[in-house]
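Here's the structure, in structure tokens; my notes come after.
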Protein chains: 2
Amino acid sequence: MGWGDLGVFGEPSKETPNLDQMAAEGMLFLDFYTASPLCSPSRAALLTGRLPVRNGFYTTNGHARNAYTPQDIVGGIPDSELLLPELLKKAGYTNKIIGKWHLGHRPRFHPLRHGFDEWFGSPNCHFGPYDSRERPNIPVYRDWDMVGRYYEDFKIDLKTGEANLTQFYLQEALDFISKQQASQQPFFLYWAIDATHAPVYASKQFLGTSQRGLYGDAVREIDDSIGKILKHLQQLGISENTFVFFTSDNGAALISAPRQGGSNGPFLCGKQTTFEGGMREPAIAWWPGHIPAGGVSHQLASVMDLFSTSLSLAGVQPPSDRQIDGIDLLPVMLQGRLIDRPIFYYRGNELMAVRAGLYKAHYWTWSNSWEEHSKGIDFCPGQSVAGVTTHTQEEHTYLPLLFHLGRDPGEKYPLSFASEEYQRAVEHISGLVQQHKASLVPGQPQLNVCDQAVMNWSPPGCEKLGKCLKAPESDPKKCSWPH
Amino acid sequence: MGWGDLGVFGEPSKETPNLDQMAAEGMLFLDFYTASPLCSPSRAALLTGRLPVRNGFYTTNGHARNAYTPQDIVGGIPDSELLLPELLKKAGYTNKIIGKWHLGHRPRFHPLRHGFDEWFGSPNCHFGPYDSRERPNIPVYRDWDMVGRYYEDFKIDLKTGEANLTQFYLQEALDFISKQQASQQPFFLYWAIDATHAPVYASKQFLGTSQRGLYGDAVREIDDSIGKILKHLQQLGISENTFVFFTSDNGAALISAPRQGGSNGPFLCGKQTTFEGGMREPAIAWWPGHIPAGGVSHQLASVMDLFSTSLSLAGVQPPSDRQIDGIDLLPVMLQGRLIDRPIFYYRGNELMAVRAGLYKAHYWTWSNSWEEHSKGIDFCPGQSVAGVTTHTQEEHTYLPLLFHLGRDPGEKYPLSFASEEYQRAVEHISGLVQQHKASLVPGQPQLNVCDQAVMNWSPPGCEKLGKCLKAPESDPKKCSWPH
């Protein structure tokens with residue numbers, strides 16, 4: 001989902017009454033970022049509070065390439081990483097993930113091995129359908145065991161776009177919340193639904209209801225579900241004791257537009273890129289009675305802050321033996337403070353850009369290669385900024401491209417290298433970069449090796465269902481990451 | 001000002017608390033259009049309720065060219081046109097225009113000859129400064145007489161951007177409203193300020209206060225002024241008896257960005273073009289106690305509707321001897337109705353595009369000529385849609401380019417000519433076009449002839465001020481309209 005997909009962020013169809021209402025009752029973050037323009041690294045960063053380059057969710061197979069966790073990925077979240085649910089557990093929290101995990105699908109990476117108590121959802125994206133010979137369909141888990149597979153047991157009709165997944169995920173959420181409330185247990189619910197990821201789907205009652213086509217139907221169903229979750233918290237009388245945050249894991253995938261892709265508002269490009277369209281996210285914090293209603297913040301914030309903020313709320317100290325990139329947003333939300341901190345934009349293990357205040361310096365630019373672009377893969381459809389949305393990797397290390405995101409949120413007008421404003425801002429940002437790089441200890445890259453043998457052939461529980469498939473022989477290879 | 005310039009329309013700096021509040025207390029129009037992507041024709045359409053091609057505010061000097069009323073224009077609003085204030089007068093209204101008139105500056109076109117009772121402002125744009133030999137500075141009028149000139153008596157500091165004009169215009173508005181309330185007279189105030197038109201200006205207290213630079217300072221001052229006007233109505237106890245509408249005369253001028261130009265949000269291109277960025281406008285209706293607070297409308301609406309709506313509010317019948325393009329929006333605002341009607345996008349006297357429902361058909365496309373583009377004049381900076389933002393005038397009369405503005409508000413993905421959806425939508429729109437063209441009686445084009453002798457050399461009142469200048473000999477020529 002993109003920054004521009006909600007009515008409250010200026011989507012012209014204005015079809016998200018529940019999220020708009022959530023913003024009216026809570027706080028809107030206008031300068032909120034993901035940690036990667038792609039799903040897996042972004043979600044790993046959310047749960048570890050650390051940049052993908054630290055937690056291992058990157059590749060070194062090519063320079064400045066995005067990587068994620070398809071079925072043949074060998075890596076996943078390292079045991080050495082401390083995830084938010086692991087830490088919350090110490091404070092007595094019950095933790096559930098509903099939806100897409102995406103932090104690795106081999107047994108050692110299972111979410112219940114990393115702090116979650118319950119899981120309903122899938123380890124990978126809902127791509128398919130597959131033939132179960134070349135490639136198995138993606139499993140859906142309940143807790144430790146697979147309970148079926150997408151397309152086989154959990155239908156997604158690619159022709160009509162119909163699938164009931166969001167409704168299943170909604171019901172799971174409502175049930176879990178009810179159960180926790182009944183047992184007076186503190187809980188962490190990671191509601192990681194994926195209806196706006198291509199292939200886009202919605203349940204029947206939402207199909208054809210949006211002005212925006214199928215993608216809009218999916219957004220409306222998510223919006224409706226969030227409205228129901230918030231209402232459920234209120235009806236259970238626990239809304240003033242429950243912190244809720246809404247955001248997305250990367251900008252809208254413009255390659256899938258117009259039928260399957262969303263909007264990044266006035267921002268440049270989308271998913272896969274380190275321009276604002278790829279990494280600035282819609283974000284709303286909600287905590288009635290604590291966060292003032294109708295608040296708006298320009299705090300430079302990140303999905304990684306949700307790690308630190310959640311620990312702070314639970315009274316748990318963040319780990320002190322490692323670098324945590326997240327910050328505690330409570331002073332921002334409760335006292336309206338602004339904390340000075342930069343935003344780092346990575347692609348793979350390359351620091352592509354840095355934002356400090358309203359300035360953003362690009363050290364490297366590219367969208368995708370000419371070769372990919374010539375195949376019709378366009379991360380910036382209808383947009384082209386000379387020297388910025390480049391199709392070769394352009395290095396600007398010694399003379400970064402600088403944008404002022406207040407005057408130029410669309411990153412169209414690089415500041416003159418000769419200007420005093422440029423000199424001052426780049427000097428400041430260069431200092432931040434030096435500091436950042438000096439202390440950086442990259443994690444072991446997890447997204448380098450692919451092997452058909454590790455696919456979801458025989459997930460735990462497959463015997464009971466008669467759904468075990470025969471894996472091919474192991475043949476590990478360097479994964480190919482074109483973007 | 002562009003669609004994307006207000007916080008409530010998704011401007012990322014969210015610096016328009018008063019306009020956002022006006023929307024929260026009133027009704028937001030998301031699909032509101034001007035009648036031309038340029039100032040003079042748009043303002044003539046607003047005041048006559050008629051398309052510029054009918055009221056004469058167009059040129060036939062070139063095909064599909066935008067024209068306006070610079071100092072050397074010979075034409076202006078024809079006496080045969082009935083303006084909103086003329087009609088309101090019959091119902092006892094006192095009418096005032098504050099700010100830019102732009103409907104012709106020769107004596108016969110003076111606003112007090114066309115129904116206004118009072119005027120404080122100028123006939124043309126605040127361009128300059130001029131040397132008063134080649135070209136006089138633009139006069140500022142109070143009622144019938146000039147009271148000074150821009151740059152000479154009404155300062156605009158082009159270096160700092162400082163000018164107090166919006167404050168003068170605000171004070172005029174507050175005083176006029178007070179006076180009308182005191183005398184219990186119904187009134188029509190046309191507050192036609194122009195601070196976001198390049199050269200952009202703001203008064204000292206607003207300079208440097210926006211994240212968006214000087215343009216943002218100007219927007220903030222307008223926002224602040226509108227807040228003060230609405231508050232004034234409330235304090236005088238007449239807010240429930242006063243209908244207020246906020247909109248702009250064309251999309252943000254992207255040629256002036258990033259320092260002097262605004263944002264059209266997710267829409268394509270800007271001022272001068274018939275893409276959405278050129279003609280879709282921010283629009284808010286406010287009438288406490290009548291228009292429900294927090295309303296949102298997808299009514300396809302137009303500045304020309306303000307003519308018909310205002311007459312309806314005043315209980316005055318619109319003229320029956322001519323085609324009126326505006327419709328009465330009261331059922332939309334008071335009963336939430338949606339009225340089926342198309343939007344016509346003109347450039348000069350060429351019908352460039354038509355919107356019906358969510359479909360928009362382009363019969364002609366172009367942004368500007370290669371020649372102009374090569375001079376750096378770019379109406380679509382950073383944007384380029386093949387076959388759409390063309391630099392030659394492309395005719396699509398027999399096979400219009402069709403866009404679905406719900407799925408594709410940015411006009412990036414023309415529908416396939418072969419699709420059933422295309423066939424159905426184009427057939428419908430073609431019928432509307434035939435009907436429109438069959439009954440169209442173009443007015444006498446007013447923007448064809450230019451003459452240095454008609455410039456503001458000796459406006460009425462210049463003698464008293466010692467500010468009369470000598471006009472050159474009359475030398476009428478065809479005006480040159482490059483865009």
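Going by the structure tokens order, chains are called A, B, ..., each with residues numbered from 1, while ligands are numbered from 1 in the order shown.
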Output as a CSV table (one decimal) with C-alpha atoms, in the first residue's frame the set of chain A residues within 7 Å of chain B, with distances taken over only C-alpha atoms.
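Full text of selection.csv as output:
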chain,number,residue,atom,x,y,z
A,8,VAL,CA,-6.7,11.2,4.6
A,9,PHE,CA,-3.5,11.3,2.5
A,10,GLY,CA,-5.4,12.7,-0.5
A,12,PRO,CA,-9.1,11.3,-4.8
A,13,SER,CA,-11.8,8.6,-4.4
A,30,LEU,CA,3.3,12.3,7.5
A,211,GLN,CA,-14.1,3.5,-7.9
A,212,ARG,CA,-10.5,2.3,-8.1
A,213,GLY,CA,-11.1,-1.2,-9.4
A,258,PRO,CA,-3.6,0.6,-12.7
A,259,ARG,CA,-5.6,-2.6,-11.8
A,265,GLY,CA,0.4,10.4,-3.9
A,266,PRO,CA,2.7,13.2,-5.1
A,382,GLY,CA,4.8,8.2,-16.5
A,383,GLN,CA,7.6,9.7,-14.4
A,384,SER,CA,11.1,10.4,-15.5
A,385,VAL,CA,13.5,12.8,-13.8
A,406,GLY,CA,9.3,20.5,1.7
A,407,ARG,CA,9.5,22.6,-1.5
A,408,ASP,CA,9.9,19.5,-3.7
A,412,LYS,CA,12.2,16.6,-9.2
- Message: For the helix (DSSP H, G or I) assignment from backbone DSSP, which residues of stretch 305-340 of chain A qualify? Please present them as a PyMOL selection string.
- Response: chain A and resi 305-314+330-335
Could you turn the residues from that selection into a file that holds C-alpha atoms, as a PDB file, in the first residue's frame?
ATOM      1  CA  ASP A 305      10.446   2.630  15.825  1.00  0.00           C
ATOM      2  CA  LEU A 306       7.451   0.370  16.368  1.00  0.00           C
ATOM      3  CA  PHE A 307       9.856  -2.144  17.919  1.00  0.00           C
ATOM      4  CA  SER A 308      11.262   0.396  20.360  1.00  0.00           C
ATOM      5  CA  THR A 309       7.916   2.041  21.052  1.00  0.00           C
ATOM      6  CA  SER A 310       6.214  -1.261  21.772  1.00  0.00           C
ATOM      7  CA  LEU A 311       8.971  -2.263  24.197  1.00  0.00           C
ATOM      8  CA  SER A 312       8.667   1.086  25.899  1.00  0.00           C
ATOM      9  CA  LEU A 313       4.905   0.628  26.265  1.00  0.00           C
ATOM     10  CA  ALA A 314       5.440  -2.820  27.772  1.00  0.00           C
ATOM     11  CA  LEU A 330       6.038   7.881  22.918  1.00  0.00           C
ATOM     12  CA  PRO A 331       7.376  11.417  23.528  1.00  0.00           C
ATOM     13  CA  VAL A 332       6.325  12.258  19.965  1.00  0.00           C
ATOM     14  CA  MET A 333       2.832  10.872  20.378  1.00  0.00           C
ATOM     15  CA  LEU A 334       2.115  11.848  23.957  1.00  0.00           C
ATOM     16  CA  GLN A 335       3.991  15.143  24.288  1.00  0.00           C
TER      17      GLN A 335
END
- Message: List as a ChimeraX atom specification the protein and nucleic acid residues near stretch 223-239 of chain A, meaning an atom at most 8 Å away when only C-alpha atoms are counted, but skip any in the same chain fewer than 2 places from it.
- Response: /A:16-19,22,166-167,170,173-174,177-178,181,219-221,241-243,287-288
With N, CA and C atoms retained, write the just-selected residues as a CSV table (one decimal), in the first residue's frame.
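Listing of result-v9.csv after writing:
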chain,number,residue,atom,x,y,z
A,16,THR,N,-11.7,5.4,2.3
A,16,THR,CA,-11.2,4.7,3.5
A,16,THR,C,-11.7,5.4,4.8
A,17,PRO,N,-13.0,5.4,4.9
A,17,PRO,CA,-13.6,6.1,6.1
A,17,PRO,C,-13.1,5.6,7.4
A,18,ASN,N,-12.8,4.3,7.6
A,18,ASN,CA,-12.4,3.8,8.9
A,18,ASN,C,-10.9,4.3,9.2
A,19,LEU,N,-10.1,4.2,8.2
A,19,LEU,CA,-8.7,4.7,8.5
A,19,LEU,C,-8.7,6.2,8.6
A,22,MET,N,-9.8,6.7,12.0
A,22,MET,CA,-8.7,6.3,13.0
A,22,MET,C,-7.7,7.5,13.1
A,166,THR,N,-8.9,-12.0,3.6
A,166,THR,CA,-8.9,-10.9,4.6
A,166,THR,C,-10.0,-11.1,5.6
A,167,GLN,N,-11.1,-11.7,5.2
A,167,GLN,CA,-12.2,-12.0,6.2
A,167,GLN,C,-11.7,-13.1,7.2
A,170,LEU,N,-9.4,-11.3,9.5
A,170,LEU,CA,-10.1,-10.4,10.4
A,170,LEU,C,-10.7,-11.2,11.5
A,173,ALA,N,-8.3,-12.2,14.1
A,173,ALA,CA,-7.9,-11.1,14.9
A,173,ALA,C,-9.0,-10.8,16.0
A,174,LEU,N,-10.2,-10.8,15.6
A,174,LEU,CA,-11.3,-10.5,16.5
A,174,LEU,C,-11.3,-11.6,17.6
A,177,ILE,N,-8.3,-11.3,20.0
A,177,ILE,CA,-8.5,-10.1,20.9
A,177,ILE,C,-9.5,-10.5,22.0
A,178,SER,N,-10.6,-11.1,21.6
A,178,SER,CA,-11.7,-11.5,22.6
A,178,SER,C,-11.1,-12.4,23.6
A,181,GLN,N,-8.7,-10.7,26.0
A,181,GLN,CA,-9.5,-9.8,26.9
A,181,GLN,C,-10.1,-10.6,28.0
A,219,VAL,N,-8.4,-2.4,-0.8
A,219,VAL,CA,-8.1,-1.4,0.2
A,219,VAL,C,-9.4,-1.2,1.0
A,220,ARG,N,-10.5,-1.2,0.4
A,220,ARG,CA,-11.8,-1.0,1.1
A,220,ARG,C,-12.0,-2.1,2.1
A,221,GLU,N,-11.7,-3.3,1.7
A,221,GLU,CA,-11.9,-4.4,2.7
A,221,GLU,C,-10.9,-4.3,3.9
A,241,ASN,N,-6.4,0.9,26.6
A,241,ASN,CA,-5.3,0.1,27.1
A,241,ASN,C,-4.6,-0.6,26.0
A,242,THR,N,-4.9,-0.2,24.7
A,242,THR,CA,-4.4,-0.9,23.6
A,242,THR,C,-3.8,0.1,22.6
A,243,PHE,N,-2.5,0.0,22.3
A,243,PHE,CA,-1.9,0.8,21.3
A,243,PHE,C,-2.0,0.2,19.9
A,287,TRP,N,-4.6,5.5,20.1
A,287,TRP,CA,-4.6,5.1,21.5
A,287,TRP,C,-5.5,6.0,22.3
A,288,PRO,N,-6.8,5.9,22.2
A,288,PRO,CA,-7.7,6.8,22.7
A,288,PRO,C,-7.4,7.1,24.2
- Task: Kindly give the distance, in Å, that separates atom CA of B:Ala195 and atom CA of B:Ala163, rounded to a single decimal.
- Result: 9.2 Å
- Query: Could you work out how far atom CA of A:Gly357 lies from atom CA of B:Asp20, giving the answer in Å with one decimal?
  - Reply: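 Computing the Euclidean distance for atom CA of B:Asp20 and atom CA of A:Gly357 yields 24.6 Å.
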Quick one: residues within 6 Å of stretch 47-52 of chain A, only C-alpha atoms, excluding same-chain residues fewer than 6 positions away - as an mmCIF file with all heavy atoms, in the first residue's frame?
data_model
loop_
_atom_site.group_PDB
_atom_site.id
_atom_site.type_symbol
_atom_site.label_atom_id
_atom_site.label_comp_id
_atom_site.auth_asym_id
_atom_site.auth_seq_id
_atom_site.Cartn_x
_atom_site.Cartn_y
_atom_site.Cartn_z
ATOM 1 N N PRO A 41 12.597 -7.615 3.871
ATOM 2 C CA PRO A 41 13.518 -6.823 4.707
ATOM 3 C C PRO A 41 12.775 -5.825 5.580
ATOM 4 O O PRO A 41 13.169 -5.569 6.733
ATOM 5 C CB PRO A 41 14.394 -6.087 3.681
ATOM 6 C CG PRO A 41 14.172 -6.763 2.372
ATOM 7 C CD PRO A 41 12.847 -7.446 2.431
ATOM 8 N N LEU A 83 13.578 -10.822 18.399
ATOM 9 C CA LEU A 83 12.371 -10.231 17.809
ATOM 10 C C LEU A 83 11.467 -9.633 18.885
ATOM 11 O O LEU A 83 11.488 -10.071 20.047
ATOM 12 C CB LEU A 83 11.607 -11.275 16.986
ATOM 13 C CG LEU A 83 12.035 -11.347 15.506
ATOM 14 C CD1 LEU A 83 13.493 -11.752 15.372
ATOM 15 C CD2 LEU A 83 11.121 -12.277 14.721
ATOM 16 N N LEU A 84 10.675 -8.665 18.456
ATOM 17 C CA LEU A 84 9.765 -7.982 19.373
ATOM 18 C C LEU A 84 8.941 -8.958 20.224
ATOM 19 O O LEU A 84 8.877 -8.796 21.456
ATOM 20 C CB LEU A 84 8.864 -7.031 18.558
ATOM 21 C CG LEU A 84 7.788 -6.269 19.312
ATOM 22 C CD1 LEU A 84 8.371 -5.415 20.427
ATOM 23 C CD2 LEU A 84 7.002 -5.377 18.341
ATOM 24 N N MET A 304 10.907 0.630 12.229
ATOM 25 C CA MET A 304 11.761 0.117 13.298
ATOM 26 C C MET A 304 11.443 0.760 14.643
ATOM 27 O O MET A 304 11.702 0.186 15.694
ATOM 28 C CB MET A 304 13.227 0.319 12.927
ATOM 29 C CG MET A 304 13.590 -0.469 11.659
ATOM 30 S SD MET A 304 15.283 -0.233 11.086
ATOM 31 C CE MET A 304 15.250 1.439 10.484
ATOM 32 N N PHE A 307 9.160 -1.214 17.019
ATOM 33 C CA PHE A 307 9.856 -2.144 17.919
ATOM 34 C C PHE A 307 10.155 -1.433 19.243
ATOM 35 O O PHE A 307 9.721 -1.879 20.316
ATOM 36 C CB PHE A 307 11.142 -2.613 17.224
ATOM 37 C CG PHE A 307 12.070 -3.442 18.062
ATOM 38 C CD1 PHE A 307 11.947 -4.836 18.079
ATOM 39 C CD2 PHE A 307 13.085 -2.856 18.801
ATOM 40 C CE1 PHE A 307 12.819 -5.606 18.832
ATOM 41 C CE2 PHE A 307 13.955 -3.619 19.559
ATOM 42 C CZ PHE A 307 13.823 -5.002 19.576
ATOM 43 N N ILE A 324 20.331 -0.830 17.918
ATOM 44 C CA ILE A 324 18.907 -0.766 17.570
ATOM 45 C C ILE A 324 18.680 0.536 16.800
ATOM 46 O O ILE A 324 19.109 1.601 17.245
ATOM 47 C CB ILE A 324 18.033 -0.794 18.847
ATOM 48 C CG1 ILE A 324 18.286 -2.078 19.662
ATOM 49 C CG2 ILE A 324 16.550 -0.642 18.493
ATOM 50 C CD1 ILE A 324 17.822 -3.358 19.008
ATOM 51 N N ASP A 325 18.037 0.441 15.644
ATOM 52 C CA ASP A 325 17.819 1.643 14.830
ATOM 53 C C ASP A 325 16.521 2.365 15.187
ATOM 54 O O ASP A 325 16.359 3.537 14.862
ATOM 55 C CB ASP A 325 17.808 1.265 13.346
ATOM 56 C CG ASP A 325 19.159 0.743 12.894
ATOM 57 O OD1 ASP A 325 20.086 1.560 12.778
ATOM 58 O OD2 ASP A 325 19.310 -0.486 12.720
ATOM 59 N N GLY A 326 15.586 1.658 15.796
ATOM 60 C CA GLY A 326 14.323 2.286 16.165
ATOM 61 C C GLY A 326 14.491 3.221 17.345
ATOM 62 O O GLY A 326 15.425 3.082 18.139
#
- Message: Residues within 12 Å of A:Ser480, please, as a VMD selection string. Count only C-alpha atoms; anything in the same chain fewer than 6 positions from it doesn't count.
- Response: chain A and resid 59 to 63 65 to 68 70 72 to 73 447 to 451
Output of the above residues as a compact mmCIF listing (two decimals), in the first residue's frame, restricted to N, CA and C atoms:
# COMPACT_ATOMS: atom_id res chain seq x y z
N THR A 59 21.08 -8.96 0.29
CA THR A 59 21.93 -9.82 -0.53
C THR A 59 23.22 -9.09 -0.89
N THR A 60 24.25 -9.86 -1.09
CA THR A 60 25.48 -9.29 -1.65
C THR A 60 25.75 -9.88 -3.04
N ASN A 61 24.74 -10.51 -3.61
CA ASN A 61 24.92 -11.11 -4.94
C ASN A 61 25.12 -10.09 -6.05
N GLY A 62 24.60 -8.93 -5.84
CA GLY A 62 24.78 -7.86 -6.82
C GLY A 62 24.77 -6.56 -6.06
N HIS A 63 25.25 -5.49 -6.69
CA HIS A 63 25.31 -4.22 -5.97
C HIS A 63 23.94 -3.55 -5.93
N ARG A 65 20.97 -4.32 -4.86
CA ARG A 65 19.81 -5.07 -5.36
C ARG A 65 18.85 -5.39 -4.20
N ASN A 66 17.56 -5.32 -4.51
CA ASN A 66 16.55 -5.73 -3.55
C ASN A 66 16.41 -7.25 -3.56
N ALA A 67 16.23 -7.81 -2.38
CA ALA A 67 16.03 -9.26 -2.28
C ALA A 67 14.94 -9.53 -1.26
N TYR A 68 14.32 -10.68 -1.37
CA TYR A 68 13.27 -11.02 -0.41
C TYR A 68 13.29 -12.53 -0.15
N PRO A 70 11.52 -15.59 -1.40
CA PRO A 70 10.69 -16.49 -2.21
C PRO A 70 10.83 -17.91 -1.68
N ASP A 72 12.34 -20.52 -2.73
CA ASP A 72 13.61 -21.23 -2.82
C ASP A 72 14.73 -20.56 -2.02
N ILE A 73 14.35 -19.59 -1.18
CA ILE A 73 15.40 -18.93 -0.39
C ILE A 73 15.87 -19.89 0.71
N LEU A 447 20.04 -13.55 2.14
CA LEU A 447 19.26 -13.66 0.91
C LEU A 447 20.16 -13.88 -0.31
N ASN A 448 21.25 -14.64 -0.09
CA ASN A 448 22.19 -14.89 -1.18
C ASN A 448 21.96 -16.23 -1.88
N VAL A 449 21.51 -17.24 -1.09
CA VAL A 449 21.51 -18.60 -1.62
C VAL A 449 20.08 -19.12 -1.82
N CYS A 450 19.84 -19.66 -2.99
CA CYS A 450 18.54 -20.23 -3.33
C CYS A 450 18.70 -21.72 -3.66
N ASP A 451 17.68 -22.49 -3.34
CA ASP A 451 17.75 -23.93 -3.56
C ASP A 451 16.32 -24.44 -3.70
- Task: Pick out the residues sitting within 12 Å of B:Ala44, and hand them over as a ChimeraX atom specification; count only C-alpha atoms, and ignore anything fewer than 2 positions along from it in its own chain.
- Result: /B:34-36,38-42,46-58,68-69,76-78,81-84,100-104,109,111,114,249,303-304,307,446
- Top pick for closest residue to B:Pro107, considering B:Ile327, B:Leu432, B:Leu465, B:Met146 and counting only C-alpha atoms: B:Met146
- Among listed residues B:Asp194, B:Arg322, B:Phe32, B:Gly2, nearest B:Phe245 (using only C-alpha atoms):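 Of B:Asp194, B:Arg322, B:Phe32, B:Gly2, the one nearest B:Phe245 is B:Phe32, counting only C-alpha atoms.
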- How would you write, as a ChimeraX atom specification, the set of residues in stretch 149-279 of chain A that DSSP gives as strand (DSSP E)? /A:149,187-192,244-247
Restrict the selected residues to C-alpha atoms and save them as an mmCIF file, in the first residue's frame.
data_model
loop_
_atom_site.group_PDB
_atom_site.id
_atom_site.type_symbol
_atom_site.label_atom_id
_atom_site.label_comp_id
_atom_site.auth_asym_id
_atom_site.auth_seq_id
_atom_site.Cartn_x
_atom_site.Cartn_y
_atom_site.Cartn_z
ATOM 1 C CA ARG A 149 -2.358 -24.405 0.658
ATOM 2 C CA PHE A 187 -1.174 -9.210 23.979
ATOM 3 C CA PHE A 188 0.749 -8.288 20.861
ATOM 4 C CA LEU A 189 -1.107 -8.840 17.606
ATOM 5 C CA TYR A 190 0.856 -8.506 14.382
ATOM 6 C CA TRP A 191 -1.913 -8.281 11.781
ATOM 7 C CA ALA A 192 0.184 -8.737 8.657
ATOM 8 C CA VAL A 244 -2.686 0.368 17.599
ATOM 9 C CA PHE A 245 -0.480 1.373 14.697
ATOM 10 C CA PHE A 246 -1.314 1.154 11.005
ATOM 11 C CA THR A 247 1.330 1.231 8.288
#
- stretch 203-207 of chain A: which residues within 6 Å, counting only C-alpha atoms, same-chain residues fewer than 5 positions away excluded, as a PyMOL selection string? chain A and resi 162-164+217
